[in-house]
Amino acid sequence: MRKFIESERVLAGETTREGGVSTGAYASLNLAFHVGDNSLAVKKNREILRKRLGAQKLVFMEQIHGTNAREIVESDLNSNLNYTENLVRETGQCREAWGSGAVSHGRKGAALSRCEIQTHNSNLNYIDVPQCDAIFTKIPGVALCVMVADCSPVLIYDRSQNIVAAVHAGRAGVCGEIVSKTLRAMNSRGEDVEIWVGARILGSCYEIGELDLGEFSRFVRDGRFDMSAALRAELAKLGVRRAHFEQICTHCDPRFFSYRRDGVCGRFCGFIMLRD
């Protein structure tokens, strides 16, 4: 685990792929259910992370490469938010779950049993927020997590409001100016925030070929997209004066999962939390 800041008010950083219980392509601290890893291993990994952070709860997202930002409030923390299944509880029964609610977290192509789903859904130490790519909160002790494996994990702290945000900024999010939209949702000004951008695929490795990025094509050279440069330009336009970019390429550094390098792989996360 790498910490960007650890103060009395805020903790922010990112995990690596080390320190968990997953095996094979997911070794070892994979935090994502949707990539084909064993669900019990992912649950254990999330609990390992929660304890390391000293968090009351972790909040993850069903990231869809969009620009939707959502505030996490107390009522969310007391719910069983989970995008992976539409649970129908059955007393004393553990039958195979079929239909739109059955998502395989374990064996590829296999449906989870209802008892497995209940175990996953009843774990109150984390929640999964449906269909968004940015979350923010004013609640202390709640670690916001953005899962990545080449995309940019963007972590935001607004000192004036004492509010934090975690943003999933891949190519689509960067081109959709998701950081700007998140700050608007937070009612934050650029001059009031400090931002950390974690390990991500750097421009020298991010090949996109002839893909047309419209106005963002100015950040493409020799068929490679410089996502960092695009983010820096957006932050400058927002008036952000305190921005920190980790100079680590996930495609090159074996400490991190990389979808473009490995195909099948886990996800690490950027995290940020207000302290009690």
# chains A, B, ... in the order shown; residues from 1 in each chain; ligands from 1
call {"tool": "select_by_dssp", "arguments": {"residues": "range 102-224 of chain A", "states": "alpha helix (DSSP H)", "output": "PDB file with all heavy atoms, in the first residue's frame"}}
result
ATOM      1  N   ARG A 114     -27.608 -18.739  -4.275  1.00  0.00           N
ATOM      2  CA  ARG A 114     -28.246 -17.675  -3.507  1.00  0.00           C
ATOM      3  C   ARG A 114     -27.589 -17.527  -2.140  1.00  0.00           C
ATOM      4  O   ARG A 114     -27.524 -16.437  -1.597  1.00  0.00           O
ATOM      5  CB  ARG A 114     -29.742 -17.944  -3.366  1.00  0.00           C
ATOM      6  CG  ARG A 114     -30.489 -17.800  -4.689  1.00  0.00           C
ATOM      7  CD  ARG A 114     -31.985 -17.727  -4.442  1.00  0.00           C
ATOM      8  NE  ARG A 114     -32.712 -17.772  -5.708  1.00  0.00           N
ATOM      9  CZ  ARG A 114     -32.961 -16.713  -6.450  1.00  0.00           C
ATOM     10  NH1 ARG A 114     -32.500 -15.545  -6.070  1.00  0.00           N
ATOM     11  NH2 ARG A 114     -33.634 -16.814  -7.573  1.00  0.00           N
ATOM     12  N   CYS A 115     -27.105 -18.617  -1.545  1.00  0.00           N
ATOM     13  CA  CYS A 115     -26.467 -18.463  -0.236  1.00  0.00           C
ATOM     14  C   CYS A 115     -25.166 -17.686  -0.371  1.00  0.00           C
ATOM     15  O   CYS A 115     -24.814 -16.896   0.509  1.00  0.00           O
ATOM     16  CB  CYS A 115     -26.211 -19.817   0.419  1.00  0.00           C
ATOM     17  SG  CYS A 115     -25.101 -20.904  -0.474  1.00  0.00           S
ATOM     18  N   GLU A 116     -24.443 -17.874  -1.488  1.00  0.00           N
ATOM     19  CA  GLU A 116     -23.234 -17.087  -1.715  1.00  0.00           C
ATOM     20  C   GLU A 116     -23.587 -15.611  -1.879  1.00  0.00           C
ATOM     21  O   GLU A 116     -22.902 -14.737  -1.356  1.00  0.00           O
ATOM     22  CB  GLU A 116     -22.499 -17.578  -2.958  1.00  0.00           C
ATOM     23  CG  GLU A 116     -21.832 -18.927  -2.796  1.00  0.00           C
ATOM     24  CD  GLU A 116     -21.191 -19.368  -4.086  1.00  0.00           C
ATOM     25  OE1 GLU A 116     -21.916 -19.472  -5.090  1.00  0.00           O
ATOM     26  OE2 GLU A 116     -19.976 -19.614  -4.072  1.00  0.00           O
ATOM     27  N   ILE A 117     -24.653 -15.334  -2.614  1.00  0.00           N
ATOM     28  CA  ILE A 117     -25.076 -13.956  -2.832  1.00  0.00           C
ATOM     29  C   ILE A 117     -25.471 -13.300  -1.517  1.00  0.00           C
ATOM     30  O   ILE A 117     -25.102 -12.168  -1.240  1.00  0.00           O
ATOM     31  CB  ILE A 117     -26.254 -13.902  -3.830  1.00  0.00           C
ATOM     32  CG1 ILE A 117     -25.768 -14.318  -5.228  1.00  0.00           C
ATOM     33  CG2 ILE A 117     -26.853 -12.504  -3.890  1.00  0.00           C
ATOM     34  CD1 ILE A 117     -26.879 -14.456  -6.233  1.00  0.00           C
ATOM     35  N   GLN A 118     -26.196 -14.025  -0.665  1.00  0.00           N
ATOM     36  CA  GLN A 118     -26.580 -13.456   0.616  1.00  0.00           C
ATOM     37  C   GLN A 118     -25.350 -13.131   1.448  1.00  0.00           C
ATOM     38  O   GLN A 118     -25.288 -12.082   2.079  1.00  0.00           O
ATOM     39  CB  GLN A 118     -27.476 -14.441   1.381  1.00  0.00           C
ATOM     40  CG  GLN A 118     -28.885 -14.531   0.817  1.00  0.00           C
ATOM     41  CD  GLN A 118     -29.772 -15.381   1.697  1.00  0.00           C
ATOM     42  OE1 GLN A 118     -29.466 -15.596   2.854  1.00  0.00           O
ATOM     43  NE2 GLN A 118     -30.863 -15.871   1.143  1.00  0.00           N
ATOM     44  N   THR A 119     -24.376 -14.032   1.450  1.00  0.00           N
ATOM     45  CA  THR A 119     -23.151 -13.780   2.206  1.00  0.00           C
ATOM     46  C   THR A 119     -22.486 -12.511   1.711  1.00  0.00           C
ATOM     47  O   THR A 119     -22.034 -11.667   2.483  1.00  0.00           O
ATOM     48  CB  THR A 119     -22.186 -14.960   2.065  1.00  0.00           C
ATOM     49  OG1 THR A 119     -22.799 -16.134   2.566  1.00  0.00           O
ATOM     50  CG2 THR A 119     -20.895 -14.701   2.834  1.00  0.00           C
ATOM     51  N   HIS A 120     -22.445 -12.348   0.388  1.00  0.00           N
ATOM     52  CA  HIS A 120     -21.813 -11.162  -0.190  1.00  0.00           C
ATOM     53  C   HIS A 120     -22.610  -9.913   0.140  1.00  0.00           C
ATOM     54  O   HIS A 120     -22.053  -8.896   0.534  1.00  0.00           O
ATOM     55  CB  HIS A 120     -21.723 -11.354  -1.709  1.00  0.00           C
ATOM     56  CG  HIS A 120     -21.201 -10.166  -2.436  1.00  0.00           C
ATOM     57  ND1 HIS A 120     -20.019  -9.558  -2.115  1.00  0.00           N
ATOM     58  CD2 HIS A 120     -21.723  -9.455  -3.461  1.00  0.00           C
ATOM     59  CE1 HIS A 120     -19.808  -8.542  -2.931  1.00  0.00           C
ATOM     60  NE2 HIS A 120     -20.825  -8.451  -3.739  1.00  0.00           N
ATOM     61  N   ASN A 121     -23.912  -9.994   0.017  1.00  0.00           N
ATOM     62  CA  ASN A 121     -24.749  -8.803   0.187  1.00  0.00           C
ATOM     63  C   ASN A 121     -24.883  -8.373   1.641  1.00  0.00           C
ATOM     64  O   ASN A 121     -25.144  -7.219   1.916  1.00  0.00           O
ATOM     65  CB  ASN A 121     -26.146  -9.090  -0.380  1.00  0.00           C
ATOM     66  CG  ASN A 121     -26.586  -8.026  -1.347  1.00  0.00           C
ATOM     67  OD1 ASN A 121     -25.770  -7.429  -2.026  1.00  0.00           O
ATOM     68  ND2 ASN A 121     -27.881  -7.794  -1.422  1.00  0.00           N
ATOM     69  N   ARG A 171      -9.955   6.880 -20.295  1.00  0.00           N
ATOM     70  CA  ARG A 171      -9.988   7.723 -21.495  1.00  0.00           C
ATOM     71  C   ARG A 171     -11.339   8.408 -21.648  1.00  0.00           C
ATOM     72  O   ARG A 171     -11.412   9.615 -21.886  1.00  0.00           O
ATOM     73  CB  ARG A 171      -9.681   6.880 -22.743  1.00  0.00           C
ATOM     74  CG  ARG A 171      -9.601   7.707 -24.031  1.00  0.00           C
ATOM     75  CD  ARG A 171      -9.310   6.820 -25.228  1.00  0.00           C
ATOM     76  NE  ARG A 171     -10.437   5.960 -25.537  1.00  0.00           N
ATOM     77  CZ  ARG A 171     -10.369   4.619 -25.583  1.00  0.00           C
ATOM     78  NH1 ARG A 171      -9.239   4.016 -25.327  1.00  0.00           N
ATOM     79  NH2 ARG A 171     -11.433   3.900 -25.872  1.00  0.00           N
ATOM     80  N   ALA A 172     -12.419   7.658 -21.471  1.00  0.00           N
ATOM     81  CA  ALA A 172     -13.753   8.237 -21.633  1.00  0.00           C
ATOM     82  C   ALA A 172     -14.026   9.293 -20.570  1.00  0.00           C
ATOM     83  O   ALA A 172     -14.582  10.356 -20.855  1.00  0.00           O
ATOM     84  CB  ALA A 172     -14.809   7.139 -21.582  1.00  0.00           C
ATOM     85  N   GLY A 173     -13.630   9.009 -19.337  1.00  0.00           N
ATOM     86  CA  GLY A 173     -13.856   9.966 -18.263  1.00  0.00           C
ATOM     87  C   GLY A 173     -13.047  11.235 -18.427  1.00  0.00           C
ATOM     88  O   GLY A 173     -13.548  12.341 -18.197  1.00  0.00           O
ATOM     89  N   VAL A 174     -11.794  11.086 -18.849  1.00  0.00           N
ATOM     90  CA  VAL A 174     -10.955  12.261 -19.071  1.00  0.00           C
ATOM     91  C   VAL A 174     -11.519  13.111 -20.202  1.00  0.00           C
ATOM     92  O   VAL A 174     -11.632  14.333 -20.085  1.00  0.00           O
ATOM     93  CB  VAL A 174      -9.502  11.836 -19.372  1.00  0.00           C
ATOM     94  CG1 VAL A 174      -8.673  13.031 -19.828  1.00  0.00           C
ATOM     95  CG2 VAL A 174      -8.871  11.202 -18.142  1.00  0.00           C
ATOM     96  N   CYS A 175     -11.899  12.461 -21.294  1.00  0.00           N
ATOM     97  CA  CYS A 175     -12.472  13.205 -22.424  1.00  0.00           C
ATOM     98  C   CYS A 175     -13.836  13.796 -22.076  1.00  0.00           C
ATOM     99  O   CYS A 175     -14.263  14.780 -22.689  1.00  0.00           O
ATOM    100  CB  CYS A 175     -12.576  12.299 -23.652  1.00  0.00           C
ATOM    101  SG  CYS A 175     -10.971  11.798 -24.340  1.00  0.00           S
ATOM    102  N   ILE A 178     -14.541  14.432 -16.356  1.00  0.00           N
ATOM    103  CA  ILE A 178     -15.219  13.939 -15.159  1.00  0.00           C
ATOM    104  C   ILE A 178     -14.766  14.653 -13.899  1.00  0.00           C
ATOM    105  O   ILE A 178     -15.561  14.839 -12.967  1.00  0.00           O
ATOM    106  CB  ILE A 178     -15.034  12.409 -15.014  1.00  0.00           C
ATOM    107  CG1 ILE A 178     -15.893  11.885 -13.858  1.00  0.00           C
ATOM    108  CG2 ILE A 178     -13.571  12.033 -14.849  1.00  0.00           C
ATOM    109  CD1 ILE A 178     -15.944  10.383 -13.761  1.00  0.00           C
ATOM    110  N   VAL A 179     -13.520  15.111 -13.848  1.00  0.00           N
ATOM    111  CA  VAL A 179     -13.069  15.825 -12.655  1.00  0.00           C
ATOM    112  C   VAL A 179     -13.837  17.142 -12.508  1.00  0.00           C
ATOM    113  O   VAL A 179     -14.292  17.493 -11.411  1.00  0.00           O
ATOM    114  CB  VAL A 179     -11.546  16.077 -12.693  1.00  0.00           C
ATOM    115  CG1 VAL A 179     -11.114  16.924 -11.502  1.00  0.00           C
ATOM    116  CG2 VAL A 179     -10.787  14.747 -12.703  1.00  0.00           C
ATOM    117  N   SER A 180     -14.016  17.857 -13.598  1.00  0.00           N
ATOM    118  CA  SER A 180     -14.785  19.107 -13.565  1.00  0.00           C
ATOM    119  C   SER A 180     -16.211  18.859 -13.088  1.00  0.00           C
ATOM    120  O   SER A 180     -16.751  19.615 -12.258  1.00  0.00           O
ATOM    121  CB  SER A 180     -14.813  19.748 -14.954  1.00  0.00           C
ATOM    122  OG  SER A 180     -13.518  20.028 -15.420  1.00  0.00           O
ATOM    123  N   LYS A 181     -16.830  17.797 -13.593  1.00  0.00           N
ATOM    124  CA  LYS A 181     -18.205  17.498 -13.222  1.00  0.00           C
ATOM    125  C   LYS A 181     -18.299  17.078 -11.762  1.00  0.00           C
ATOM    126  O   LYS A 181     -19.284  17.381 -11.074  1.00  0.00           O
ATOM    127  CB  LYS A 181     -18.758  16.422 -14.149  1.00  0.00           C
ATOM    128  CG  LYS A 181     -18.936  16.939 -15.573  1.00  0.00           C
ATOM    129  CD  LYS A 181     -19.340  15.851 -16.551  1.00  0.00           C
ATOM    130  CE  LYS A 181     -19.467  16.440 -17.956  1.00  0.00           C
ATOM    131  NZ  LYS A 181     -19.758  15.413 -18.980  1.00  0.00           N
ATOM    132  N   THR A 182     -17.268  16.393 -11.275  1.00  0.00           N
ATOM    133  CA  THR A 182     -17.260  15.996  -9.866  1.00  0.00           C
ATOM    134  C   THR A 182     -17.135  17.213  -8.965  1.00  0.00           C
ATOM    135  O   THR A 182     -17.855  17.331  -7.961  1.00  0.00           O
ATOM    136  CB  THR A 182     -16.115  15.006  -9.597  1.00  0.00           C
ATOM    137  OG1 THR A 182     -16.259  13.864 -10.445  1.00  0.00           O
ATOM    138  CG2 THR A 182     -16.117  14.568  -8.145  1.00  0.00           C
ATOM    139  N   LEU A 183     -16.259  18.146  -9.299  1.00  0.00           N
ATOM    140  CA  LEU A 183     -16.117  19.357  -8.493  1.00  0.00           C
ATOM    141  C   LEU A 183     -17.409  20.162  -8.477  1.00  0.00           C
ATOM    142  O   LEU A 183     -17.788  20.735  -7.434  1.00  0.00           O
ATOM    143  CB  LEU A 183     -14.965  20.217  -9.006  1.00  0.00           C
ATOM    144  CG  LEU A 183     -13.544  19.675  -8.814  1.00  0.00           C
ATOM    145  CD1 LEU A 183     -12.517  20.743  -9.164  1.00  0.00           C
ATOM    146  CD2 LEU A 183     -13.331  19.182  -7.401  1.00  0.00           C
ATOM    147  N   ARG A 184     -18.107  20.211  -9.598  1.00  0.00           N
ATOM    148  CA  ARG A 184     -19.387  20.920  -9.627  1.00  0.00           C
ATOM    149  C   ARG A 184     -20.394  20.238  -8.706  1.00  0.00           C
ATOM    150  O   ARG A 184     -21.138  20.907  -7.976  1.00  0.00           O
ATOM    151  CB  ARG A 184     -19.922  20.997 -11.059  1.00  0.00           C
ATOM    152  CG  ARG A 184     -19.220  22.031 -11.909  1.00  0.00           C
ATOM    153  CD  ARG A 184     -20.036  22.412 -13.119  1.00  0.00           C
ATOM    154  NE  ARG A 184     -20.191  21.299 -14.055  1.00  0.00           N
ATOM    155  CZ  ARG A 184     -19.349  21.033 -15.045  1.00  0.00           C
ATOM    156  NH1 ARG A 184     -18.274  21.788 -15.221  1.00  0.00           N
ATOM    157  NH2 ARG A 184     -19.564  20.019 -15.856  1.00  0.00           N
ATOM    158  N   ALA A 185     -20.422  18.910  -8.748  1.00  0.00           N
ATOM    159  CA  ALA A 185     -21.349  18.172  -7.884  1.00  0.00           C
ATOM    160  C   ALA A 185     -21.022  18.394  -6.407  1.00  0.00           C
ATOM    161  O   ALA A 185     -21.919  18.408  -5.555  1.00  0.00           O
ATOM    162  CB  ALA A 185     -21.308  16.683  -8.221  1.00  0.00           C
ATOM    163  N   MET A 186     -19.736  18.583  -6.098  1.00  0.00           N
ATOM    164  CA  MET A 186     -19.295  18.821  -4.729  1.00  0.00           C
ATOM    165  C   MET A 186     -19.445  20.278  -4.308  1.00  0.00           C
ATOM    166  O   MET A 186     -19.228  20.600  -3.137  1.00  0.00           O
ATOM    167  CB  MET A 186     -17.815  18.429  -4.591  1.00  0.00           C
ATOM    168  CG  MET A 186     -17.509  16.964  -4.815  1.00  0.00           C
ATOM    169  SD  MET A 186     -15.718  16.681  -5.068  1.00  0.00           S
ATOM    170  CE  MET A 186     -15.044  17.229  -3.494  1.00  0.00           C
TER     171      MET A 186
END
call {"tool": "residues_around", "arguments": {"residues": "range 131-140 of chain A", "least_positions_apart": "5", "cutoff": "8 Å", "atoms": "only C-alpha atoms", "output": "PyMOL selection string"}}
result
chain A and resi 61-74+83+146+162-169+178+182+186+273-276
call {"tool": "closest_residue", "arguments": {"among": "A:Asn125, A:Ser188, A:Ser152, A:Ser258", "to": "Gly239 in chain A", "atoms": "only C-alpha atoms"}}
result
A:Ser188
call {"tool": "atom_distance", "arguments": {"atom1": "CA of Ala27 in chain A", "atom2": "CA of Met147 in chain A"}}
result
15.3 Å
call {"tool": "select_by_dssp", "arguments": {"residues": "range 3-229 of chain A", "states": "strand (DSSP E)", "output": "VMD selection string"}}
result
chain A and resid 3 to 6 10 to 14 57 to 61 69 to 71 126 to 129 134 to 137 142 to 148 152 to 158 163 to 169 193 to 197 220 to 221 224 to 225
call {"tool": "closest_atom_pairs", "arguments": {"of": "range 204-258 of chain A", "to": "range 29-39 of chain A", "cutoff": "12 Å", "atoms": "only C-alpha atoms", "output": "CSV"}}
result
residue,atom,partner,partner_atom,distance
A:Arg255,CA,A:Leu29,CA,10.6
A:Phe256,CA,A:Leu29,CA,9.9
A:Phe257,CA,A:Asn30,CA,8.6
A:Ser258,CA,A:Asn30,CA,11.7
call {"tool": "write_last_selection", "arguments": {"atoms": "all heavy atoms", "output": "short mmCIF file (atom, residue, chain, number, x, y, z; two decimals), in the first residue's frame"}}
result
data_model
loop_
_atom_site.label_atom_id
_atom_site.label_comp_id
_atom_site.auth_asym_id
_atom_site.auth_seq_id
_atom_site.Cartn_x
_atom_site.Cartn_y
_atom_site.Cartn_z
N ARG A 255 4.19 -4.21 -10.03
CA ARG A 255 3.52 -4.11 -8.73
C ARG A 255 2.03 -3.84 -8.89
O ARG A 255 1.26 -3.99 -7.93
CB ARG A 255 4.13 -3.00 -7.89
CG ARG A 255 5.57 -3.23 -7.44
CD ARG A 255 6.07 -2.01 -6.68
NE ARG A 255 6.05 -0.81 -7.53
CZ ARG A 255 6.25 0.41 -7.05
NH1 ARG A 255 6.45 0.61 -5.75
NH2 ARG A 255 6.24 1.45 -7.88
N PHE A 256 1.62 -3.43 -10.09
CA PHE A 256 0.24 -3.03 -10.32
C PHE A 256 -0.43 -3.90 -11.38
O PHE A 256 0.23 -4.38 -12.31
CB PHE A 256 0.18 -1.56 -10.75
CG PHE A 256 0.70 -0.61 -9.72
CD1 PHE A 256 2.03 -0.25 -9.70
CD2 PHE A 256 -0.15 -0.09 -8.75
CE1 PHE A 256 2.53 0.61 -8.74
CE2 PHE A 256 0.34 0.77 -7.78
CZ PHE A 256 1.67 1.12 -7.77
N PHE A 257 -1.74 -4.10 -11.24
CA PHE A 257 -2.51 -4.76 -12.29
C PHE A 257 -2.56 -3.86 -13.51
O PHE A 257 -2.67 -2.64 -13.40
CB PHE A 257 -3.92 -5.06 -11.81
CG PHE A 257 -4.01 -6.05 -10.67
CD1 PHE A 257 -4.43 -5.65 -9.42
CD2 PHE A 257 -3.67 -7.38 -10.87
CE1 PHE A 257 -4.53 -6.55 -8.37
CE2 PHE A 257 -3.76 -8.30 -9.83
CZ PHE A 257 -4.18 -7.88 -8.58
N SER A 258 -2.51 -4.47 -14.70
CA SER A 258 -2.63 -3.73 -15.95
C SER A 258 -3.45 -4.55 -16.93
O SER A 258 -3.01 -5.63 -17.36
CB SER A 258 -1.26 -3.42 -16.54
OG SER A 258 -1.38 -2.89 -17.86
#
call {"tool": "residues_around", "arguments": {"residues": "His251 in chain A", "least_positions_apart": "5", "cutoff": "7 Å", "atoms": "only C-alpha atoms", "output": "ChimeraX atom specification"}}
result
/A:150,201,205,258,260-261
call {"tool": "write_last_selection", "arguments": {"atoms": "N, CA and C atoms", "output": "mmCIF file, in the first residue's frame"}}
result
data_model
loop_
_atom_site.group_PDB
_atom_site.id
_atom_site.type_symbol
_atom_site.label_atom_id
_atom_site.label_comp_id
_atom_site.auth_asym_id
_atom_site.auth_seq_id
_atom_site.Cartn_x
_atom_site.Cartn_y
_atom_site.Cartn_z
ATOM 1 N N ASP A 150 -5.097 0.504 -15.173
ATOM 2 C CA ASP A 150 -4.544 1.351 -16.233
ATOM 3 C C ASP A 150 -5.199 2.728 -16.237
ATOM 4 N N ILE A 201 -1.647 4.112 -16.693
ATOM 5 C CA ILE A 201 -0.856 3.907 -17.895
ATOM 6 C C ILE A 201 -0.394 5.268 -18.414
ATOM 7 N N CYS A 205 2.957 4.375 -23.305
ATOM 8 C CA CYS A 205 2.446 3.006 -23.447
ATOM 9 C C CYS A 205 0.981 2.931 -23.876
ATOM 10 N N SER A 258 -2.508 -4.472 -14.697
ATOM 11 C CA SER A 258 -2.633 -3.730 -15.953
ATOM 12 C C SER A 258 -3.445 -4.554 -16.932
ATOM 13 N N ARG A 260 -4.211 -3.709 -20.029
ATOM 14 C CA ARG A 260 -3.598 -3.672 -21.359
ATOM 15 C C ARG A 260 -2.382 -4.590 -21.454
ATOM 16 N N ARG A 261 -1.696 -4.769 -20.380
ATOM 17 C CA ARG A 261 -0.529 -5.650 -20.376
ATOM 18 C C ARG A 261 -0.928 -7.118 -20.273
#
call {"tool": "closest_residue", "arguments": {"among": "A:Val142, A:Lys43, A:Ser79, A:Arg50", "to": "Ile272 in chain A", "atoms": "only C-alpha atoms"}}
result
A:Val142
call {"tool": "closest_residue", "arguments": {"among": "A:Ile195, A:Ile127, A:Ala12, A:Glu18", "to": "Arg232 in chain A", "atoms": "only C-alpha atoms"}}
result
A:Ile195
call {"tool": "decode", "arguments": {"residues": "range 16-57 of chain A", "atoms": "C-alpha atoms", "output": "PDB file, in the first residue's frame"}}
result
ATOM      1  CA  THR A  16      -0.630  -2.412  -5.096  1.00  0.00           C
ATOM      2  CA  ARG A  17      -1.320  -5.993  -6.133  1.00  0.00           C
ATOM      3  CA  GLU A  18       0.551  -7.250  -3.052  1.00  0.00           C
ATOM      4  CA  GLY A  19      -0.754  -8.313   0.350  1.00  0.00           C
ATOM      5  CA  GLY A  20      -3.932 -10.227  -0.462  1.00  0.00           C
ATOM      6  CA  VAL A  21      -5.126 -13.813  -0.783  1.00  0.00           C
ATOM      7  CA  SER A  22      -6.112 -14.119  -4.466  1.00  0.00           C
ATOM      8  CA  THR A  23      -4.069 -16.392  -6.710  1.00  0.00           C
ATOM      9  CA  GLY A  24      -3.093 -16.758 -10.351  1.00  0.00           C
ATOM     10  CA  ALA A  25      -3.804 -13.765 -12.578  1.00  0.00           C
ATOM     11  CA  TYR A  26      -5.476 -12.053  -9.601  1.00  0.00           C
ATOM     12  CA  ALA A  27      -2.573 -12.412  -7.159  1.00  0.00           C
ATOM     13  CA  SER A  28      -2.896 -11.166  -4.701  1.00  0.00           C
ATOM     14  CA  LEU A  29      -4.846  -8.093  -3.512  1.00  0.00           C
ATOM     15  CA  ASN A  30      -7.544  -8.033  -6.194  1.00  0.00           C
ATOM     16  CA  LEU A  31     -10.492  -5.897  -5.038  1.00  0.00           C
ATOM     17  CA  ALA A  32     -12.913  -6.456  -7.937  1.00  0.00           C
ATOM     18  CA  PHE A  33     -15.702  -9.027  -8.118  1.00  0.00           C
ATOM     19  CA  HIS A  34     -16.402  -8.569 -11.837  1.00  0.00           C
ATOM     20  CA  VAL A  35     -13.081  -9.845 -13.225  1.00  0.00           C
ATOM     21  CA  GLY A  36     -13.552 -13.580 -12.602  1.00  0.00           C
ATOM     22  CA  ASP A  37     -11.750 -13.985  -9.277  1.00  0.00           C
ATOM     23  CA  ASN A  38     -13.110 -16.128  -6.447  1.00  0.00           C
ATOM     24  CA  SER A  39     -15.706 -14.076  -4.565  1.00  0.00           C
ATOM     25  CA  LEU A  40     -14.559 -15.231  -1.141  1.00  0.00           C
ATOM     26  CA  ALA A  41     -10.992 -14.142  -1.918  1.00  0.00           C
ATOM     27  CA  VAL A  42     -12.224 -10.702  -3.011  1.00  0.00           C
ATOM     28  CA  LYS A  43     -14.258 -10.330   0.188  1.00  0.00           C
ATOM     29  CA  LYS A  44     -11.193 -11.252   2.227  1.00  0.00           C
ATOM     30  CA  ASN A  45      -9.056  -8.782   0.276  1.00  0.00           C
ATOM     31  CA  ARG A  46     -11.539  -5.986   0.904  1.00  0.00           C
ATOM     32  CA  GLU A  47     -11.551  -6.759   4.611  1.00  0.00           C
ATOM     33  CA  ILE A  48      -7.734  -6.753   4.641  1.00  0.00           C
ATOM     34  CA  LEU A  49      -7.813  -3.282   3.075  1.00  0.00           C
ATOM     35  CA  ARG A  50     -10.477  -1.986   5.456  1.00  0.00           C
ATOM     36  CA  LYS A  51      -8.450  -3.042   8.478  1.00  0.00           C
ATOM     37  CA  ARG A  52      -5.240  -1.557   7.087  1.00  0.00           C
ATOM     38  CA  LEU A  53      -6.962   1.779   6.579  1.00  0.00           C
ATOM     39  CA  GLY A  54      -8.753   1.707   9.913  1.00  0.00           C
ATOM     40  CA  ALA A  55     -11.992   2.418   8.052  1.00  0.00           C
ATOM     41  CA  GLN A  56     -15.481   1.716   9.311  1.00  0.00           C
ATOM     42  CA  LYS A  57     -16.604   0.933   5.782  1.00  0.00           C
TER      43      LYS A  57
END
